[in-house]
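Asker: Mind looking over this structure? Questions follow.
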Amino acid sequence: MIEKTFDHKEAFKKWSKVWDETSLYKCDIESAKKPFYNLWMFPYPSGARMHVGHAYASTGSDIIGRYKRMQGFDVFQPMGFDAFGIHGENYAIKIGQHPLKLMEDLCNRFRDEQFKAIGHGYDWSREIRTYWPSYYKWTQWLFIKLYEAGLAERKEAQVNWCPSCKTVLADEQVIAGECERCHSVVKKKLLKQWFFKITKYSQKLLDNLDKIDWSPKVIEAQRNWIGRSEGALIKFEIFNFKFEIEVFTTRPDTLFGATYIVLSPEHPLVFQITTVGQQEKVQKYTSDSLAKSEIERTLTEKEKTGVFTGAYAISPVNGKQIPIWVADYVLSGYGTGAIMAVPAHDARDFAFARKYNLPIIEAIARINESNKTNVTDEVYEGDGVLVNSGKFDGMTSKEGGEAIVKKLEGLECGKFAVNYKLRDWLISRQRYWSAPIPIIYCKKCGTVPVPEESLPVELPYVEDWKPKGDGRGPLANVYDFVNTVCPKCGGSAERETDTLDNFLDSGWYFFRYPYSQREAVPFDYQEESFKKWFPVHLYIGGAEHSVLHLMYTRFLTMALHDMGIVPFDEPFIKFFAHGHVTKNGKKMSKSLGNIVNPDEYIDKIGADAFRIYLMFMGPYSQGGDFNDRGISGVTRFLERFYRLALRDLKSLKLSKSLKTKNEVEKALAKTISKVTADIEEFRYNTAISAMMTFVNVWEKETLLKERVGDVVKILAPFAPFMAEELWQEYFVDKGGEFKSVHKELWPIVDKNLLVEDIVTIPITVNGKLRGKITVPSDQLDDATAVLKMAKSEEQILKYLLTNIIKKEIYIKGKIINFVI
RNA sequence: GCCGAAGUGGCGGAACUGGCAGACGCGCGGGUCUCAAAAACCCGUGAGGAUAAAACCUCGUGAGGGUUCAAGUCCCUCUUUCGGCACCA
């Protein structure tokens, strides 16, 4: 007899057509009773095709979506493309095509040739693309809402400039001094730019981390990025000047050890206090260090440099005069851009003081006296007891710090303060391919936001769209775009020509999905349905967006909440960070030439096998190295599965009264409960191995038709095509209404089948395995009887005959140990 | 430098809350089927020792120490790899 094997191409064609025709994955937003918003970070097309990383991440999201659907949830699983912005534009530059045409093609291809091929249950009827005017109209609306709320501001600042992308970048987009996208070394540039005041939410962004269910590593990354530290602001008067310098310190307890002050080169007081004799040196030093990139500054870390300004500050506690220096180891953007240097208790100050022969005074005695070294030999950064600190001597660091700040408060030259590393979000970009910032500059009325009824400010189609690098965006050269009329006074005015950071385009997209067909609103927060779908129930994505996308979405949601627009302040109840697929241990990238394309695999082994292969590589949270050596294992598994299903289903047609053995039923019950628990925890690899284990048992015994149905159901989220094929062939009335396996209810396990009647208990002697006994499960509670049985076990007996038992341990149902 | 995660067979990885280490899969060895091969199926597979064969014994989760009747799992020290942050006062 020739066995029919599963034809994945045939099944793919057949079922994707039926799923499309019956709108299987379309979600009824309004009438859904058990909503489950299953969101996966939409991709940005920055290459010709999706790579295996997209397939990996999205498959993990699709599996939980399918599972939830079978749990009776109304699953909303939308998809779209983050196709506006610098990544797509850079690709367009590379291949020399206009980004509009290119993105249109790429998104269509991703959707029609790739996403559909892998069998994900997306509701494409609500697709969004960030470059569609119907979408970015609302991105601009959001900008204006933030502007009106006082959260958007235009200011001149030293900003990060990527010379290769020819645009500014937000702090979050600078990774170790390099551009997040192209890895060029980022320079500083003084420009007037738009910022969102995310720092207003520093504390809330931090506090809320305790109440959201997110992958811990993302929480930790955000916490570090926000970088809260507690300390004090202290004012130092300047000798012979009326200015004051304010410094931030986390160690007010070391104030008596401050022997000099350091200003960052960007500090506004530098030139006002520098004495005539020092002017030339200071001038040269500051201009040199401003010309350096961040990375050059940090690379010279070992060799700290600085110059004396000639001025002196007066210590507010003891009136001592201490010199004021300028040095670029002090950063302008953190705290006040100035520090009190305590070389005895700070490694950086210590190194600097040693180099320039500045005094080192101990303010904290080392707690560990045993290894007392000279203060000029070694820095001590720990806590201790105050010394050389006048009436504060003898206090601990904690007490002393508090007492000193309280005293300064009395003198009105100091106070407790909290500082954050988080900076405001720079959102201007000197690029073409994103939403224009909807602002008009009028000579008479000043800065005027574009009124909502005039949105969108459409991005003009131009041929000359490449970045110029002169600090202005390409739109600045588009006469018809720039010149406009003021919405307030009707006089002639000019448009802002920078575009919005792509992270704003993608910062709110999840709000748009359910309402993507609506023209009059961005999302309908007044509707009943809004409360059903938000906050998003589950968000899956990569941890590389911890401090970018995920921080911005939280900020935007908080801002919308405070405006009274959304009734919650966190966008995602649960966020799960999936792992990444590497190739030969390295991140896949075009430059390394190690990108794996999923298409050929899907073509060869089918979407089902490919999905399972990807998920079987390792835990979804960890990713893994792509290596197709093991791929035959999963195809073999699916083929065996299919063959066994047919074996039992076909034979049942002949004889319905086939008696199944209890063993296989029990094994199935165990499998279902394991697979269920594993999916809930995103442990897809062990869910798959549980099904494989089951197939090994199934091979030996037959199953009743109904039970075969259960196995098909638990396979369905992983292998949607094969499951559908089996289901339609054997479990539904042909010719009737189409009832997909993907809408069947997930099997419920009969708890009785999970209980074992006989339990095997290992017996150890001095912790080493020496034997086993089997005990009927109703006798497990009787420790005396179990131990008695254990003692008479053949192997154990020989140890017990020649030794005395010192101790006997029995852990119910688990283990027996004799200490002899 | 700081923070986080991890180190388990030839390989990817299992092991709930301290209780039989190596599930499942790959690879490999042997076999069945075949003229032969492929496919499929069956048996074996951590290392070492012992035996005619078994039973059996010793070692074994990056290294070293510790807690415990019992440690891959907990504690301390060290080490390597990966990820994040990085002169943040």
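Identifiers for the structure tokens are assigned positionally: chains receive A, B, ... in sequence, residues are indexed from 1 per chain, and ligands are indexed from 1 in the order shown.
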Looking only at the backbone, which of the residues in region 36-114 of chain A does DSSP tag as helix (DSSP H, G or I), as number ranges by chain?
Answerer: A: 52-70, 86-95, 99-114
Asker: Mind writing the picked residues with C-alpha atoms as a tab-separated table (two decimals), in the first residue's frame?
Answerer:
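Below is the file that was written, result28.tsv:
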```tsv
chain	number	residue	atom	x	y	z
A	52	VAL	CA	14.72	34.67	9.05
A	53	GLY	CA	14.76	36.92	12.13
A	54	HIS	CA	11.39	38.36	11.13
A	55	ALA	CA	10.07	34.86	10.56
A	56	TYR	CA	11.33	33.72	13.94
A	57	ALA	CA	9.92	36.59	15.95
A	58	SER	CA	6.57	36.71	14.19
A	59	THR	CA	6.04	32.96	14.42
A	60	GLY	CA	6.35	33.09	18.19
A	61	SER	CA	3.71	35.80	18.25
A	62	ASP	CA	1.43	33.93	15.87
A	63	ILE	CA	1.53	30.76	17.97
A	64	ILE	CA	0.24	32.47	21.09
A	65	GLY	CA	-2.38	34.24	18.97
A	66	ARG	CA	-3.66	31.01	17.51
A	67	TYR	CA	-3.65	29.40	20.92
A	68	LYS	CA	-5.66	32.26	22.43
A	69	ARG	CA	-8.11	32.08	19.57
A	70	MET	CA	-8.67	28.42	20.39
A	86	ILE	CA	15.50	56.85	7.91
A	87	HIS	CA	16.02	53.08	7.57
A	88	GLY	CA	13.89	52.81	4.48
A	89	GLU	CA	15.28	56.03	3.10
A	90	ASN	CA	18.84	54.86	3.56
A	91	TYR	CA	18.00	51.72	1.63
A	92	ALA	CA	16.40	53.86	-1.09
A	93	ILE	CA	19.60	55.91	-1.34
A	94	LYS	CA	21.64	52.75	-1.56
A	95	ILE	CA	19.74	51.29	-4.46
A	99	PRO	CA	11.47	55.85	-1.30
A	100	LEU	CA	7.78	56.09	-2.07
A	101	LYS	CA	7.86	53.63	-4.93
A	102	LEU	CA	10.36	51.45	-3.11
A	103	MET	CA	8.38	51.21	0.12
A	104	GLU	CA	5.17	50.50	-1.71
A	105	ASP	CA	6.84	47.58	-3.48
A	106	LEU	CA	8.66	46.25	-0.46
A	107	CYS	CA	5.65	46.30	1.83
A	108	ASN	CA	3.52	44.55	-0.75
A	109	ARG	CA	6.16	41.93	-1.22
A	110	PHE	CA	6.66	41.40	2.50
A	111	ARG	CA	2.95	41.02	2.93
A	112	ASP	CA	1.93	38.99	-0.11
A	113	GLU	CA	4.98	36.85	-0.68
A	114	GLN	CA	6.42	36.40	2.75
```
Asker: Identify every residue of chain A that has at least one atom within 6 Å of any atom of chain B, counting only C-alpha atoms (C1' of nucleotides), and report the result as JSON, numbers by chain.
Answerer: {"A": [249, 329, 630, 633, 689, 762, 767, 815]}
Asker: Using only C-alpha atoms (C1' of nucleotides), which protein or nucleic acid residues come within 12 Å of Asp349 (chain A)? Drop anything in the same chain fewer than 2 positions from it, and give the result as a compact mmCIF listing (two decimals) with N, CA and C atoms (P, O5', C5', C4', C3', O3' and C1' of nucleotides), in the first residue's frame.
Answerer:
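Wrote it out as out-v9.txt, contents follow:
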```
# COMPACT_ATOMS: atom_id res chain seq x y z
N GLY A 257 35.81 67.53 51.57
CA GLY A 257 36.94 67.02 50.81
C GLY A 257 37.04 67.63 49.42
N ALA A 258 36.10 68.54 49.11
CA ALA A 258 36.12 69.18 47.78
C ALA A 258 37.28 70.15 47.71
N THR A 259 38.20 69.91 46.78
CA THR A 259 39.38 70.78 46.72
C THR A 259 39.43 71.60 45.44
N TYR A 260 38.52 71.35 44.54
CA TYR A 260 38.42 72.21 43.35
C TYR A 260 37.05 71.98 42.70
N ILE A 261 36.74 72.87 41.77
CA ILE A 261 35.47 72.80 41.05
C ILE A 261 35.80 72.57 39.58
N VAL A 262 34.97 71.78 38.90
CA VAL A 262 35.19 71.60 37.47
C VAL A 262 33.93 71.97 36.69
N LYS A 304 43.00 62.31 31.46
CA LYS A 304 42.08 63.43 31.65
C LYS A 304 42.82 64.74 31.41
N THR A 305 42.10 65.68 30.82
CA THR A 305 42.72 66.97 30.55
C THR A 305 41.85 68.09 31.09
N GLY A 306 42.46 69.25 31.28
CA GLY A 306 41.70 70.40 31.75
C GLY A 306 42.60 71.61 31.87
N TRP A 325 38.33 74.84 37.58
CA TRP A 325 38.94 74.34 36.35
C TRP A 325 37.88 74.08 35.29
N ALA A 327 37.18 71.13 32.41
CA ALA A 327 37.68 69.85 31.94
C ALA A 327 36.56 69.09 31.26
N TYR A 329 36.03 66.00 31.19
CA TYR A 329 35.51 64.79 31.83
C TYR A 329 34.21 65.10 32.56
N VAL A 330 33.88 66.36 32.63
CA VAL A 330 32.56 66.74 33.16
C VAL A 330 31.64 66.99 31.96
N ILE A 339 30.85 70.25 38.64
CA ILE A 339 30.95 69.38 39.80
C ILE A 339 31.86 69.98 40.87
N MET A 340 31.67 69.53 42.09
CA MET A 340 32.70 69.77 43.10
C MET A 340 33.57 68.53 43.07
N ALA A 341 34.86 68.73 42.95
CA ALA A 341 35.75 67.58 42.83
C ALA A 341 36.27 67.18 44.20
N VAL A 342 36.09 65.89 44.51
CA VAL A 342 36.55 65.35 45.79
C VAL A 342 37.54 64.23 45.49
N PRO A 343 38.78 64.57 45.23
CA PRO A 343 39.72 63.56 44.76
C PRO A 343 39.96 62.41 45.73
N ALA A 344 39.79 62.64 47.01
CA ALA A 344 40.03 61.54 47.95
C ALA A 344 38.98 60.44 47.80
N HIS A 345 37.80 60.80 47.26
CA HIS A 345 36.69 59.84 47.26
C HIS A 345 36.01 59.67 45.91
N ASP A 346 36.68 60.05 44.85
CA ASP A 346 36.13 59.82 43.51
C ASP A 346 37.30 59.54 42.57
N ALA A 347 37.23 58.42 41.91
CA ALA A 347 38.36 57.95 41.10
C ALA A 347 38.73 58.92 40.00
N ALA A 351 42.26 60.92 39.75
CA ALA A 351 43.19 60.87 38.63
C ALA A 351 43.55 62.28 38.16
N PHE A 352 42.55 63.13 38.12
CA PHE A 352 42.75 64.50 37.66
C PHE A 352 43.65 65.28 38.63
N ALA A 353 43.38 65.12 39.90
CA ALA A 353 44.14 65.84 40.93
C ALA A 353 45.60 65.42 40.94
N ARG A 354 45.81 64.12 40.74
CA ARG A 354 47.19 63.62 40.70
C ARG A 354 47.94 64.23 39.52
N LYS A 355 47.24 64.29 38.40
CA LYS A 355 47.89 64.81 37.19
C LYS A 355 48.26 66.29 37.33
N TYR A 356 47.36 67.08 37.90
CA TYR A 356 47.57 68.52 37.97
C TYR A 356 47.99 69.00 39.35
N ASN A 357 48.38 68.06 40.19
CA ASN A 357 48.88 68.42 41.52
C ASN A 357 47.91 69.23 42.34
N LEU A 358 46.68 68.82 42.34
CA LEU A 358 45.68 69.52 43.16
C LEU A 358 45.59 68.80 44.50
N PRO A 359 45.25 69.53 45.54
CA PRO A 359 45.25 68.93 46.87
C PRO A 359 44.21 67.81 47.03
N ILE A 360 44.56 66.83 47.84
CA ILE A 360 43.66 65.72 48.11
C ILE A 360 43.41 65.70 49.62
N ILE A 361 42.17 65.93 50.00
CA ILE A 361 41.85 65.97 51.43
C ILE A 361 40.84 64.89 51.77
N THR A 376 46.69 60.07 49.51
CA THR A 376 47.21 60.46 48.20
C THR A 376 47.63 59.27 47.35
N GLU A 378 45.68 56.23 47.31
CA GLU A 378 44.56 55.41 46.85
C GLU A 378 43.25 56.12 47.12
N VAL A 379 42.35 56.00 46.16
CA VAL A 379 41.05 56.63 46.32
C VAL A 379 40.15 55.70 47.12
N TYR A 380 39.28 56.27 47.92
CA TYR A 380 38.30 55.45 48.66
C TYR A 380 36.90 55.96 48.34
N GLU A 381 36.13 55.12 47.64
CA GLU A 381 34.83 55.59 47.17
C GLU A 381 33.67 55.11 48.02
P C B 87 30.86 58.04 29.42
O5' C B 87 31.46 58.45 30.83
C5' C B 87 31.84 57.47 31.77
C4' C B 87 32.53 58.14 32.92
C3' C B 87 31.81 59.36 33.46
O3' C B 87 31.93 59.41 34.87
C1' C B 87 33.99 59.94 32.78
P A B 89 25.92 59.35 39.10
O5' A B 89 27.08 60.09 39.90
C5' A B 89 26.85 61.32 40.49
C4' A B 89 28.16 61.93 40.87
C3' A B 89 28.06 63.36 41.41
O3' A B 89 27.75 63.40 42.79
C1' A B 89 29.71 63.26 39.74
```
Asker: Work out how far CA of Pro78 (chain A) is from CA of Leu39 (chain A), in Å to one decimal.
Answerer: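 Taking CA of Leu39 (chain A) as the start and CA of Pro78 (chain A) as the end point, the length is 7.0 Å.
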Asker: Calculated over only C-alpha atoms, which of the candidates A:Ser454, A:Thr686, A:Gln622, A:Thr484 has the smallest distance to Lys137 (chain A)?
Answerer: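 Comparing A:Ser454, A:Thr686, A:Gln622, A:Thr484 against Lys137 (chain A), the winner is A:Ser454.
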Asker: Would you list, as a list of chain:residue names, the residues of region 496-699 of chain A that end up in strand (DSSP E) under DSSP run on this structure's backbone?
Answerer: A:Thr499, A:Leu500, A:Leu538, A:Tyr539, A:Ile540, A:Gly541, A:Gly542, A:Lys574, A:Phe575, A:Phe576, A:Ala577, A:His578, A:His580, A:Val581, A:Thr582, A:Lys583, A:Lys586, A:Lys587, A:Gly623, A:Gly624, A:Asp625
